[in-house]
file target_38.pdb (PDB, C-alpha atoms)
ATOM      1  CA  MET P  30       0.000   0.000   0.000
ATOM      2  CA  LYS P  31       1.288   3.344  -0.990
ATOM      3  CA  LEU P  32       0.816   6.121   1.527
ATOM      4  CA  ARG P  33      -0.741   9.261   0.167
ATOM      5  CA  PRO P  34       1.181  12.380   1.026
ATOM      6  CA  PHE P  35      -0.603  14.317   3.727
ATOM      7  CA  ARG P  36      -2.502  17.171   2.202
ATOM      8  CA  LEU P  37      -4.062  19.931   4.232
ATOM      9  CA  SER P  38      -7.226  21.382   2.727
ATOM     10  CA  PRO P  39      -7.197  25.180   2.271
ATOM     11  CA  LEU P  40     -10.164  25.385   4.666
ATOM     12  CA  LEU P  41      -8.382  23.388   7.356
ATOM     13  CA  LEU P  42      -5.239  25.430   6.848
ATOM     14  CA  ALA P  43      -7.171  28.693   7.188
ATOM     15  CA  SER P  44      -8.818  27.392  10.365
ATOM     16  CA  ALA P  45      -5.465  26.395  11.789
ATOM     17  CA  VAL P  46      -4.076  29.880  11.120
ATOM     18  CA  LEU P  47      -7.127  31.512  12.693
ATOM     19  CA  VAL P  48      -6.956  29.293  15.768
ATOM     20  CA  SER P  49      -3.272  30.029  16.094
ATOM     21  CA  ALA P  50      -3.836  33.797  15.751
ATOM     22  CA  GLY P  51      -6.642  33.553  18.275
ATOM     23  CA  ALA P  52      -4.400  31.706  20.683
ATOM     24  CA  ALA P  53      -1.691  34.343  20.302
ATOM     25  CA  ALA P  54      -4.200  37.131  20.954
ATOM     26  CA  ALA P  55      -5.549  35.265  23.967
ATOM     27  CA  GLN P  56      -2.012  34.844  25.250
ATOM     28  CA  GLN P  57      -1.375  38.576  24.935
ATOM     29  CA  ALA P  58      -4.714  39.674  26.389
ATOM     30  CA  PRO P  59      -4.221  40.719  30.001
ATOM     31  CA  LYS P  60      -5.944  38.557  32.591
ATOM     32  CA  PRO P  61      -9.019  39.875  34.447
ATOM     33  CA  GLU P  62      -6.911  40.262  37.590
ATOM     34  CA  GLN P  63      -4.527  42.592  35.732
ATOM     35  CA  LEU P  64      -7.357  44.589  34.170
ATOM     36  CA  ILE P  65      -8.941  45.058  37.605
ATOM     37  CA  LYS P  66      -5.566  46.107  39.042
ATOM     38  CA  TRP P  67      -5.210  48.673  36.283
ATOM     39  CA  ARG P  68      -8.644  50.165  36.814
ATOM     40  CA  GLN P  69      -8.127  50.305  40.581
ATOM     41  CA  SER P  70      -4.751  51.957  39.949
ATOM     42  CA  ASN P  71      -6.290  54.569  37.673
ATOM     43  CA  TYR P  72      -8.838  55.525  40.331
ATOM     44  CA  GLN P  73      -6.136  55.610  43.002
ATOM     45  CA  VAL P  74      -4.126  58.066  40.927
ATOM     46  CA  ILE P  75      -7.261  60.157  40.393
ATOM     47  CA  ALA P  76      -7.956  60.081  44.146
ATOM     48  CA  TRP P  77      -4.386  61.148  44.954
ATOM     49  CA  ASN P  78      -4.681  64.149  42.662
ATOM     50  CA  VAL P  79      -8.205  65.046  43.833
ATOM     51  CA  GLY P  80      -6.845  65.020  47.385
ATOM     52  CA  ARG P  81      -3.923  67.255  46.450
ATOM     53  CA  ILE P  82      -6.201  69.798  44.749
ATOM     54  CA  LYS P  83      -8.455  69.796  47.817
ATOM     55  CA  ALA P  84      -5.431  70.379  50.056
ATOM     56  CA  SER P  85      -4.409  73.325  47.865
ATOM     57  CA  LEU P  86      -7.933  74.790  48.058
ATOM     58  CA  ASP P  87      -8.107  74.281  51.828
ATOM     59  CA  GLY P  88      -4.585  75.544  52.458
ATOM     60  CA  SER P  89      -2.239  77.805  50.538
ATOM     61  CA  TYR P  90      -3.159  77.674  46.860
ATOM     62  CA  ASP P  91      -0.450  76.432  44.470
ATOM     63  CA  LYS P  92      -1.480  77.337  40.925
ATOM     64  CA  GLU P  93       1.211  75.388  39.064
ATOM     65  CA  ALA P  94       0.662  72.267  41.163
ATOM     66  CA  VAL P  95      -3.115  72.365  40.676
ATOM     67  CA  ILE P  96      -2.674  72.658  36.902
ATOM     68  CA  LYS P  97      -0.491  69.529  36.921
ATOM     69  CA  GLU P  98      -2.875  67.635  39.183
ATOM     70  CA  ALA P  99      -5.900  68.573  37.066
ATOM     71  CA  ASN P 100      -3.960  67.509  33.958
ATOM     72  CA  VAL P 101      -3.495  64.009  35.363
ATOM     73  CA  ILE P 102      -7.179  63.635  36.223
ATOM     74  CA  SER P 103      -8.278  64.889  32.819
ATOM     75  CA  ALA P 104      -5.758  62.763  30.902
ATOM     76  CA  ILE P 105      -6.843  59.622  32.746
ATOM     77  CA  ALA P 106     -10.539  60.474  32.368
ATOM     78  CA  GLY P 107     -10.068  60.725  28.611
ATOM     79  CA  SER P 108      -7.868  57.680  28.193
ATOM     80  CA  GLY P 109     -10.550  55.077  27.533
ATOM     81  CA  LEU P 110     -10.968  53.458  30.936
ATOM     82  CA  GLY P 111     -13.887  51.507  29.456
ATOM     83  CA  ALA P 112     -11.321  49.139  27.938
ATOM     84  CA  LEU P 113     -10.678  47.880  31.475
ATOM     85  CA  TYR P 114     -14.295  46.763  31.963
ATOM     86  CA  THR P 115     -14.348  43.852  29.552
ATOM     87  CA  ALA P 116     -16.488  40.747  29.886
ATOM     88  CA  GLY P 117     -15.018  38.528  32.561
ATOM     89  CA  THR P 118     -14.082  41.392  34.877
ATOM     90  CA  GLU P 119     -17.523  41.863  36.465
ATOM     91  CA  THR P 120     -16.276  40.116  39.588
ATOM     92  CA  GLY P 121     -12.774  39.343  40.759
ATOM     93  CA  THR P 122      -9.842  40.642  42.694
ATOM     94  CA  GLY P 123      -7.181  43.064  41.526
ATOM     95  CA  TRP P 124      -5.386  44.786  44.396
ATOM     96  CA  HIS P 125      -8.596  44.060  46.302
ATOM     97  CA  GLU P 126     -12.019  42.659  45.423
ATOM     98  CA  THR P 127     -13.709  44.800  42.801
ATOM     99  CA  ARG P 128     -16.414  47.133  44.098
ATOM    100  CA  ALA P 129     -17.950  47.540  40.655
ATOM    101  CA  ARG P 130     -21.645  46.634  40.780
ATOM    102  CA  PRO P 131     -23.121  44.393  38.057
ATOM    103  CA  GLU P 132     -25.221  47.290  36.697
ATOM    104  CA  LEU P 133     -22.029  49.159  35.772
ATOM    105  CA  PHE P 134     -21.546  46.641  32.963
ATOM    106  CA  THR P 135     -25.096  46.853  31.603
ATOM    107  CA  ASP P 136     -26.671  50.275  32.254
ATOM    108  CA  LYS P 137     -26.574  52.605  29.249
ATOM    109  CA  ARG P 138     -26.537  55.555  31.663
ATOM    110  CA  VAL P 139     -22.900  54.762  32.513
ATOM    111  CA  ALA P 140     -21.672  56.194  29.200
ATOM    112  CA  GLU P 141     -23.458  59.453  30.007
ATOM    113  CA  LEU P 142     -21.964  59.643  33.521
ATOM    114  CA  SER P 143     -18.564  58.836  32.094
ATOM    115  CA  GLY P 144     -18.955  61.657  29.569
ATOM    116  CA  ASP P 145     -19.853  64.072  32.403
ATOM    117  CA  PHE P 146     -16.649  63.095  34.208
ATOM    118  CA  VAL P 147     -14.479  63.626  31.126
ATOM    119  CA  ARG P 148     -16.090  67.002  30.400
ATOM    120  CA  GLU P 149     -15.847  68.411  33.938
ATOM    121  CA  ALA P 150     -12.252  67.205  34.289
ATOM    122  CA  GLY P 151     -11.332  68.953  31.044
ATOM    123  CA  GLU P 152     -13.072  72.090  32.271
ATOM    124  CA  LEU P 153     -11.078  71.950  35.511
ATOM    125  CA  VAL P 154      -7.834  72.061  33.517
ATOM    126  CA  LYS P 155      -9.012  75.236  31.778
ATOM    127  CA  VAL P 156     -10.132  76.884  35.020
ATOM    128  CA  ALA P 157      -6.923  75.824  36.809
ATOM    129  CA  ASN P 158      -4.909  77.553  34.087
ATOM    130  CA  GLY P 159      -6.872  80.718  34.867
ATOM    131  CA  GLY P 160      -5.478  80.545  38.394
ATOM    132  CA  ASP P 161      -8.477  81.890  40.344
ATOM    133  CA  PRO P 162      -8.873  79.668  43.433
ATOM    134  CA  ALA P 163     -12.569  80.540  43.851
ATOM    135  CA  ALA P 164     -13.322  79.501  40.276
ATOM    136  CA  VAL P 165     -11.245  76.342  40.717
ATOM    137  CA  LYS P 166     -13.138  75.503  43.893
ATOM    138  CA  GLN P 167     -16.449  75.796  42.065
ATOM    139  CA  GLN P 168     -15.330  73.683  39.115
ATOM    140  CA  PHE P 169     -13.703  71.170  41.452
ATOM    141  CA  GLY P 170     -17.124  70.794  43.106
ATOM    142  CA  LYS P 171     -18.710  70.088  39.725
ATOM    143  CA  LEU P 172     -16.068  67.479  38.991
ATOM    144  CA  THR P 173     -16.379  65.614  42.303
ATOM    145  CA  LYS P 174     -20.175  65.550  41.833
ATOM    146  CA  THR P 175     -19.614  63.474  38.696
ATOM    147  CA  CYS P 176     -17.426  61.074  40.720
ATOM    148  CA  LYS P 177     -20.134  60.762  43.355
ATOM    149  CA  ALA P 178     -22.912  60.275  40.795
ATOM    150  CA  CYS P 179     -21.214  57.136  39.541
ATOM    151  CA  HIS P 180     -20.097  55.854  42.944
ATOM    152  CA  ASP P 181     -23.615  56.232  44.394
ATOM    153  CA  ASP P 182     -25.130  53.850  41.896
ATOM    154  CA  TYR P 183     -22.328  51.690  40.585
ATOM    155  CA  ARG P 184     -19.819  51.158  43.392
ATOM    156  CA  ALA P 185     -20.580  48.754  46.215
ATOM    157  CA  LYS P 186     -20.526  50.228  49.711
ATOM    158  CA  GLU P 187     -17.482  49.273  51.752
TER     159      GLU P 187
ATOM    160  CA  MET V  14      -2.247  83.570  99.091
ATOM    161  CA  LYS V  15      -3.692  85.113  95.984
ATOM    162  CA  LEU V  16      -3.441  83.042  92.837
ATOM    163  CA  ARG V  17      -1.996  84.832  89.904
ATOM    164  CA  PRO V  18      -4.152  84.549  86.822
ATOM    165  CA  PHE V  19      -2.585  82.094  84.398
ATOM    166  CA  ARG V  20      -0.738  84.010  81.754
ATOM    167  CA  LEU V  21       0.610  82.397  78.642
ATOM    168  CA  SER V  22       3.721  84.013  77.306
ATOM    169  CA  PRO V  23       3.523  84.998  73.625
ATOM    170  CA  LEU V  24       6.363  82.589  72.938
ATOM    171  CA  LEU V  25       4.575  79.687  74.611
ATOM    172  CA  LEU V  26       1.369  80.587  72.803
ATOM    173  CA  ALA V  27       3.131  80.651  69.464
ATOM    174  CA  SER V  28       4.701  77.283  70.228
ATOM    175  CA  ALA V  29       1.331  75.836  71.174
ATOM    176  CA  VAL V  30      -0.187  77.014  67.888
ATOM    177  CA  LEU V  31       2.709  75.579  65.940
ATOM    178  CA  VAL V  32       2.518  72.234  67.732
ATOM    179  CA  SER V  33      -1.228  72.138  67.151
ATOM    180  CA  ALA V  34      -0.835  72.946  63.456
ATOM    181  CA  GLY V  35       1.877  70.319  63.247
ATOM    182  CA  ALA V  36      -0.382  67.746  64.878
ATOM    183  CA  ALA V  37      -3.199  68.546  62.449
ATOM    184  CA  ALA V  38      -0.836  68.200  59.503
ATOM    185  CA  ALA V  39       0.465  64.933  60.893
ATOM    186  CA  GLN V  40      -3.093  63.680  61.253
ATOM    187  CA  GLN V  41      -3.877  64.547  57.667
ATOM    188  CA  ALA V  42      -0.618  63.234  56.258
ATOM    189  CA  PRO V  43      -1.227  59.940  54.452
ATOM    190  CA  LYS V  44       0.378  56.876  55.981
ATOM    191  CA  PRO V  45       3.429  55.305  54.335
ATOM    192  CA  GLU V  46       1.270  52.380  53.183
ATOM    193  CA  GLN V  47      -1.010  54.797  51.295
ATOM    194  CA  LEU V  48       1.911  56.688  49.788
ATOM    195  CA  ILE V  49       3.433  53.423  48.557
ATOM    196  CA  LYS V  50       0.046  52.365  47.133
ATOM    197  CA  TRP V  51      -0.166  55.642  45.262
ATOM    198  CA  ARG V  52       3.283  55.391  43.769
ATOM    199  CA  GLN V  53       2.696  51.777  42.742
ATOM    200  CA  SER V  54      -0.621  52.865  41.221
ATOM    201  CA  ASN V  55       1.028  55.649  39.236
ATOM    202  CA  TYR V  56       3.544  53.221  37.745
ATOM    203  CA  GLN V  57       0.784  50.713  36.983
ATOM    204  CA  VAL V  58      -1.105  53.365  35.033
ATOM    205  CA  ILE V  59       2.087  54.290  33.196
ATOM    206  CA  ALA V  60       2.698  50.602  32.399
ATOM    207  CA  TRP V  61      -0.845  50.153  31.111
ATOM    208  CA  ASN V  62      -0.427  53.072  28.735
ATOM    209  CA  VAL V  63       3.079  52.059  27.659
ATOM    210  CA  GLY V  64       1.631  48.639  26.829
ATOM    211  CA  ARG V  65      -1.177  50.144  24.792
ATOM    212  CA  ILE V  66       1.197  52.324  22.782
ATOM    213  CA  LYS V  67       3.385  49.298  22.110
ATOM    214  CA  ALA V  68       0.325  47.329  20.962
ATOM    215  CA  SER V  69      -0.570  50.171  18.591
ATOM    216  CA  LEU V  70       2.981  50.245  17.198
ATOM    217  CA  ASP V  71       3.066  46.455  16.816
ATOM    218  CA  GLY V  72      -0.439  46.214  15.363
ATOM    219  CA  SER V  73      -2.682  48.684  13.571
ATOM    220  CA  TYR V  74      -1.698  52.200  14.571
ATOM    221  CA  ASP V  75      -4.391  54.300  16.278
ATOM    222  CA  LYS V  76      -3.254  57.935  16.248
ATOM    223  CA  GLU V  77      -5.966  59.348  18.530
ATOM    224  CA  ALA V  78      -5.535  56.572  21.084
ATOM    225  CA  VAL V  79      -1.747  56.973  21.177
ATOM    226  CA  ILE V  80      -2.106  60.719  21.785
ATOM    227  CA  LYS V  81      -4.368  60.028  24.771
ATOM    228  CA  GLU V  82      -2.071  57.329  26.116
ATOM    229  CA  ALA V  83       1.009  59.526  25.761
ATOM    230  CA  ASN V  84      -0.890  62.349  27.495
ATOM    231  CA  VAL V  85      -1.472  60.177  30.553
ATOM    232  CA  ILE V  86       2.173  59.154  30.788
ATOM    233  CA  SER V  87       3.382  62.727  30.393
ATOM    234  CA  ALA V  88       0.844  64.158  32.854
ATOM    235  CA  ILE V  89       1.813  61.610  35.499
ATOM    236  CA  ALA V  90       5.527  62.073  34.839
ATOM    237  CA  GLY V  91       5.165  65.790  35.455
ATOM    238  CA  SER V  92       2.884  65.557  38.477
ATOM    239  CA  GLY V  93       5.497  65.523  41.214
ATOM    240  CA  LEU V  94       5.817  61.818  41.990
ATOM    241  CA  GLY V  95       8.713  62.718  44.292
ATOM    242  CA  ALA V  96       6.116  63.708  46.899
ATOM    243  CA  LEU V  97       5.361  60.001  47.282
ATOM    244  CA  TYR V  98       8.939  59.178  48.327
ATOM    245  CA  THR V  99       8.963  60.841  51.719
ATOM    246  CA  ALA V 100      11.017  59.737  54.701
ATOM    247  CA  GLY V 101       9.448  56.645  56.207
ATOM    248  CA  THR V 102       8.528  55.090  52.847
ATOM    249  CA  GLU V 103      11.956  53.563  52.110
ATOM    250  CA  THR V 104      10.585  50.158  53.035
ATOM    251  CA  GLY V 105       7.057  48.939  53.447
ATOM    252  CA  THR V 106       4.114  47.425  51.663
ATOM    253  CA  GLY V 107       1.549  49.191  49.542
ATOM    254  CA  TRP V 108      -0.262  46.841  47.159
ATOM    255  CA  HIS V 109       2.888  44.752  47.477
ATOM    256  CA  GLU V 110       6.277  45.193  49.101
ATOM    257  CA  THR V 111       8.071  48.198  47.683
ATOM    258  CA  ARG V 112      10.805  47.413  45.175
ATOM    259  CA  ALA V 113      12.430  50.810  45.613
ATOM    260  CA  ARG V 114      16.092  50.387  46.531
ATOM    261  CA  PRO V 115      17.573  52.465  49.372
ATOM    262  CA  GLU V 116      19.768  54.398  46.917
ATOM    263  CA  LEU V 117      16.654  55.830  45.259
ATOM    264  CA  PHE V 118      16.170  57.976  48.353
ATOM    265  CA  THR V 119      19.735  59.250  48.539
ATOM    266  CA  ASP V 120      21.394  59.381  45.096
ATOM    267  CA  LYS V 121      21.415  62.833  43.541
ATOM    268  CA  ARG V 122      21.410  61.191  40.106
ATOM    269  CA  VAL V 123      17.737  60.269  40.592
ATOM    270  CA  ALA V 124      16.620  63.861  39.956
ATOM    271  CA  GLU V 125      18.468  63.792  36.631
ATOM    272  CA  LEU V 126      16.905  60.465  35.594
ATOM    273  CA  SER V 127      13.528  61.742  36.652
ATOM    274  CA  GLY V 128      14.035  64.843  34.498
ATOM    275  CA  ASP V 129      14.939  62.639  31.517
ATOM    276  CA  PHE V 130      11.672  60.740  31.976
ATOM    277  CA  VAL V 131       9.575  63.921  32.138
ATOM    278  CA  ARG V 132      11.299  65.364  29.055
ATOM    279  CA  GLU V 133      11.014  62.266  26.856
ATOM    280  CA  ALA V 134       7.376  61.736  27.881
ATOM    281  CA  GLY V 135       6.570  65.322  26.908
ATOM    282  CA  GLU V 136       8.366  64.814  23.605
ATOM    283  CA  LEU V 137       6.296  61.684  22.952
ATOM    284  CA  VAL V 138       3.103  63.731  23.248
ATOM    285  CA  LYS V 139       4.402  66.128  20.596
ATOM    286  CA  VAL V 140       5.488  63.344  18.258
ATOM    287  CA  ALA V 141       2.219  61.443  18.803
ATOM    288  CA  ASN V 142       0.311  64.525  17.714
ATOM    289  CA  GLY V 143       2.334  64.476  14.498
ATOM    290  CA  GLY V 144       0.879  61.044  13.807
ATOM    291  CA  ASP V 145       3.860  59.380  12.132
ATOM    292  CA  PRO V 146       4.130  55.851  13.566
ATOM    293  CA  ALA V 147       7.842  55.560  12.684
ATOM    294  CA  ALA V 148       8.639  58.770  14.551
ATOM    295  CA  VAL V 149       6.476  57.668  17.472
ATOM    296  CA  LYS V 150       8.287  54.338  17.567
ATOM    297  CA  GLN V 151      11.632  56.095  17.773
ATOM    298  CA  GLN V 152      10.520  58.494  20.510
ATOM    299  CA  PHE V 153       8.800  55.661  22.372
ATOM    300  CA  GLY V 154      12.162  53.883  22.420
ATOM    301  CA  LYS V 155      13.795  56.959  23.921
ATOM    302  CA  LEU V 156      11.101  57.126  26.590
ATOM    303  CA  THR V 157      11.298  53.494  27.618
ATOM    304  CA  LYS V 158      15.088  53.820  27.871
ATOM    305  CA  THR V 159      14.548  56.396  30.620
ATOM    306  CA  CYS V 160      12.265  53.924  32.428
ATOM    307  CA  LYS V 161      14.905  51.219  32.161
ATOM    308  CA  ALA V 162      17.713  53.514  33.303
ATOM    309  CA  CYS V 163      15.973  54.047  36.616
ATOM    310  CA  HIS V 164      14.748  50.467  37.039
ATOM    311  CA  ASP V 165      18.231  49.062  36.401
ATOM    312  CA  ASP V 166      19.749  50.892  39.331
ATOM    313  CA  TYR V 167      16.912  51.724  41.682
ATOM    314  CA  ARG V 168      14.346  48.933  41.479
ATOM    315  CA  ALA V 169      14.972  45.606  43.176
ATOM    316  CA  LYS V 170      14.879  42.555  40.925
ATOM    317  CA  GLU V 171      11.778  40.392  41.307
TER     318      GLU V 171
END

call {"tool": "encode", "arguments": {"input": "target_38.pdb", "output": "structure tokens"}}
result
Amino acid sequence: MKLRPFRLSPLLLASAVLVSAGAAAAQQAPKPEQLIKWRQSNYQVIAWNVGRIKASLDGSYDKEAVIKEANVISAIAGSGLGALYTAGTETGTGWHETRARPELFTDKRVAELSGDFVREAGELVKVANGGDPAAVKQQFGKLTKTCKACHDDYRAKE
Amino acid sequence: MKLRPFRLSPLLLASAVLVSAGAAAAQQAPKPEQLIKWRQSNYQVIAWNVGRIKASLDGSYDKEAVIKEANVISAIAGSGLGALYTAGTETGTGWHETRARPELFTDKRVAELSGDFVREAGELVKVANGGDPAAVKQQFGKLTKTCKACHDDYRAKE
């Protein structure tokens, strides 16, 4: 009996390539734990800068510092944090157990709240560049309201 | 015997006010654990964005995304991270045990390396706005060299 040379059908070959590409992508995709760590880290950095702006408003105002701090908040707000809320990250532990509530992943209102946050953070950068502490205090209030709006409904109580 | 009314000398009074202000500041000052969490969070956010820029350079280039990602890195770089390396944070655990080496807190060269990082991150924002992937790749290389320069000497091996 003569053995036939092994021939791969074009369809099978294409499938093999696709599976292989899929496997490579899956290998590169960060694990849920890492994604949750990143989102917790982003909010920690925001919190650090919010706290520093508050300290400046409550104490002796530092215009240049507040501009830099507002820049960080605005840059992070606009950086596409939604990419860190992929399927599979609804529950889990990053640096600590996620406090994201299930509705955060399903409610259409979240996009609107997220847009409010981005807009008010951008506005704070503009006002901070103006250098008037009273105006910064007012805009800072508008910004932290957008934080609270989301936390109230979409972050589990501690 | 007639009791003299208690009189506080101006010097004592001034000292009392200073001590009280100092105590309030000490109360408000974040604990070393929190400071270490914040610095680890800042570097996690930088790493996330460095990874996304690399993915854009290795895959299909997304100009608008890279601008946003570079903005975050540059804003954080320029935000005064040194404030998170106060006395008492040389060792300790934030999200994990700090990998900062003791020399990071004493070597004068650190300020220079830190300046390199801020400068190259700012340059990346400019180049990203130009939108030429080859130029971004080159500048991205310059930036990550400044990361490595500091890690090589001042971050403990894992």

call {"tool": "closest_residue", "arguments": {"input": "target_38.pdb", "among": "V:Glu116, V:Glu46, V:Glu77, V:Glu82", "to": "chain P", "atoms": "only C-alpha atoms"}}
result
V:Glu82

call {"tool": "residues_around", "arguments": {"input": "target_38.pdb", "residues": "Tyr98 in chain V", "least_positions_apart": "4", "cutoff": "8 Å", "atoms": "only C-alpha atoms", "output": "compact mmCIF listing (two decimals) with C-alpha atoms, keeping the file's coordinate frame"}}
result
# COMPACT_ATOMS: atom_id res chain seq x y z
CA LEU V 48 1.91 56.69 49.79
CA ILE V 49 3.43 53.42 48.56
CA LEU V 94 5.82 61.82 41.99
CA THR V 102 8.53 55.09 52.85
CA GLU V 103 11.96 53.56 52.11
CA PHE V 118 16.17 57.98 48.35

call {"tool": "resolve_selection", "arguments": {"input": "target_38.pdb", "expression": "the PyMOL selection byres ((chain P) within 7 of (chain V))", "output": "compact mmCIF listing (two decimals) with C-alpha atoms, keeping the file's coordinate frame"}}
result
# COMPACT_ATOMS: atom_id res chain seq x y z
CA TRP P 67 -5.21 48.67 36.28
CA SER P 70 -4.75 51.96 39.95
CA ASN P 71 -6.29 54.57 37.67
CA GLN P 73 -6.14 55.61 43.00
CA VAL P 74 -4.13 58.07 40.93
CA TRP P 77 -4.39 61.15 44.95
CA LYS P 97 -0.49 69.53 36.92
CA GLU P 98 -2.88 67.64 39.18
CA ASN P 100 -3.96 67.51 33.96
CA VAL P 101 -3.50 64.01 35.36
CA ALA P 104 -5.76 62.76 30.90
CA ILE P 105 -6.84 59.62 32.75
CA GLY P 107 -10.07 60.72 28.61
CA SER P 108 -7.87 57.68 28.19
CA TRP P 124 -5.39 44.79 44.40

call {"tool": "closest_residue", "arguments": {"input": "target_38.pdb", "among": "V:Ala42, V:Arg65, V:Asp75, V:Asp166", "to": "Pro146 in chain V", "atoms": "only C-alpha atoms"}}
result
V:Asp75

call {"tool": "resolve_selection", "arguments": {"input": "target_38.pdb", "expression": "the PyMOL selection byres ((chain P and resi 156) around 10)", "output": "number ranges by chain"}}
result
P: 96, 99, 150-155, 157-169

call {"tool": "closest_residue", "arguments": {"input": "target_38.pdb", "among": "V:Asp71, V:Asp129, V:Asp120, V:Glu110", "to": "Lys161 in chain V", "atoms": "only C-alpha atoms"}}
result
V:Asp129

call {"tool": "axis_aligned_box", "arguments": {"input": "target_38.pdb", "around": "range 145-152 of chain P", "padding_each_side": "3 Å", "output": "JSON"}}
result
{"center_x": -15.6, "center_y": 67.6, "center_z": 32.3, "size_x": 14.5, "size_y": 15.0, "size_z": 9.9}

call {"tool": "resolve_selection", "arguments": {"input": "target_38.pdb", "expression": "the PyMOL selection byres ((chain V and resi 123) around 12)", "output": "list in words"}}
result
Gly95, Tyr98, Ala113, Arg114, Pro115, Glu116, Leu117, Phe118, Thr119, Asp120, Lys121, Arg122, Ala124, Glu125, Leu126, Ser127, Gly128, Asp129, Phe130, Thr159, Cys160, Ala162, Cys163, His164, Asp165, Asp166, Tyr167 and Arg168 of chain V

call {"tool": "write_last_selection", "arguments": {"input": "target_38.pdb", "atoms": "C-alpha atoms", "output": "PDB file, in the coordinates of the input"}}
result
ATOM      1  CA  GLY V  95       8.713  62.718  44.292  1.00  0.00           C
ATOM      2  CA  TYR V  98       8.939  59.178  48.327  1.00  0.00           C
ATOM      3  CA  ALA V 113      12.430  50.810  45.613  1.00  0.00           C
ATOM      4  CA  ARG V 114      16.092  50.387  46.531  1.00  0.00           C
ATOM      5  CA  PRO V 115      17.573  52.465  49.372  1.00  0.00           C
ATOM      6  CA  GLU V 116      19.768  54.398  46.917  1.00  0.00           C
ATOM      7  CA  LEU V 117      16.654  55.830  45.259  1.00  0.00           C
ATOM      8  CA  PHE V 118      16.170  57.976  48.353  1.00  0.00           C
ATOM      9  CA  THR V 119      19.735  59.250  48.539  1.00  0.00           C
ATOM     10  CA  ASP V 120      21.394  59.381  45.096  1.00  0.00           C
ATOM     11  CA  LYS V 121      21.415  62.833  43.541  1.00  0.00           C
ATOM     12  CA  ARG V 122      21.410  61.191  40.106  1.00  0.00           C
ATOM     13  CA  ALA V 124      16.620  63.861  39.956  1.00  0.00           C
ATOM     14  CA  GLU V 125      18.468  63.792  36.631  1.00  0.00           C
ATOM     15  CA  LEU V 126      16.905  60.465  35.594  1.00  0.00           C
ATOM     16  CA  SER V 127      13.528  61.742  36.652  1.00  0.00           C
ATOM     17  CA  GLY V 128      14.035  64.843  34.498  1.00  0.00           C
ATOM     18  CA  ASP V 129      14.939  62.639  31.517  1.00  0.00           C
ATOM     19  CA  PHE V 130      11.672  60.740  31.976  1.00  0.00           C
ATOM     20  CA  THR V 159      14.548  56.396  30.620  1.00  0.00           C
ATOM     21  CA  CYS V 160      12.265  53.924  32.428  1.00  0.00           C
ATOM     22  CA  ALA V 162      17.713  53.514  33.303  1.00  0.00           C
ATOM     23  CA  CYS V 163      15.973  54.047  36.616  1.00  0.00           C
ATOM     24  CA  HIS V 164      14.748  50.467  37.039  1.00  0.00           C
ATOM     25  CA  ASP V 165      18.231  49.062  36.401  1.00  0.00           C
ATOM     26  CA  ASP V 166      19.749  50.892  39.331  1.00  0.00           C
ATOM     27  CA  TYR V 167      16.912  51.724  41.682  1.00  0.00           C
ATOM     28  CA  ARG V 168      14.346  48.933  41.479  1.00  0.00           C
TER      29      ARG V 168
END

call {"tool": "build_atoms", "arguments": {"input": "target_38.pdb", "residues": "range 108-118 of chain V", "atoms": "N, CA and C atoms", "output": "mmCIF file, in the frame of the given file"}}
result
data_model
loop_
_atom_site.group_PDB
_atom_site.id
_atom_site.type_symbol
_atom_site.label_atom_id
_atom_site.label_comp_id
_atom_site.auth_asym_id
_atom_site.auth_seq_id
_atom_site.Cartn_x
_atom_site.Cartn_y
_atom_site.Cartn_z
ATOM 1 N N TRP V 108 0.468 47.994 47.707
ATOM 2 C CA TRP V 108 -0.262 46.841 47.159
ATOM 3 C C TRP V 108 0.600 45.599 47.305
ATOM 4 N N HIS V 109 1.894 45.820 47.277
ATOM 5 C CA HIS V 109 2.888 44.752 47.477
ATOM 6 C C HIS V 109 4.118 45.421 48.072
ATOM 7 N N GLU V 110 5.072 44.626 48.488
ATOM 8 C CA GLU V 110 6.277 45.193 49.101
ATOM 9 C C GLU V 110 6.967 46.125 48.105
ATOM 10 N N THR V 111 7.427 47.256 48.595
ATOM 11 C CA THR V 111 8.071 48.198 47.683
ATOM 12 C C THR V 111 9.339 47.585 47.095
ATOM 13 N N ARG V 112 9.576 47.881 45.820
ATOM 14 C CA ARG V 112 10.805 47.413 45.175
ATOM 15 C C ARG V 112 11.816 48.555 45.053
ATOM 16 N N ALA V 113 11.481 49.688 45.635
ATOM 17 C CA ALA V 113 12.430 50.810 45.613
ATOM 18 C C ALA V 113 13.670 50.431 46.410
ATOM 19 N N ARG V 114 14.852 50.676 45.819
ATOM 20 C CA ARG V 114 16.092 50.387 46.531
ATOM 21 C C ARG V 114 16.488 51.597 47.382
ATOM 22 N N PRO V 115 17.221 51.361 48.468
ATOM 23 C CA PRO V 115 17.573 52.465 49.372
ATOM 24 C C PRO V 115 18.241 53.633 48.650
ATOM 25 N N GLU V 116 19.037 53.343 47.625
ATOM 26 C CA GLU V 116 19.768 54.398 46.917
ATOM 27 C C GLU V 116 18.836 55.395 46.228
ATOM 28 N N LEU V 117 17.614 54.944 45.919
ATOM 29 C CA LEU V 117 16.654 55.830 45.259
ATOM 30 C C LEU V 117 16.371 57.062 46.115
ATOM 31 N N PHE V 118 16.506 56.887 47.433
ATOM 32 C CA PHE V 118 16.170 57.976 48.353
ATOM 33 C C PHE V 118 17.368 58.881 48.661
#
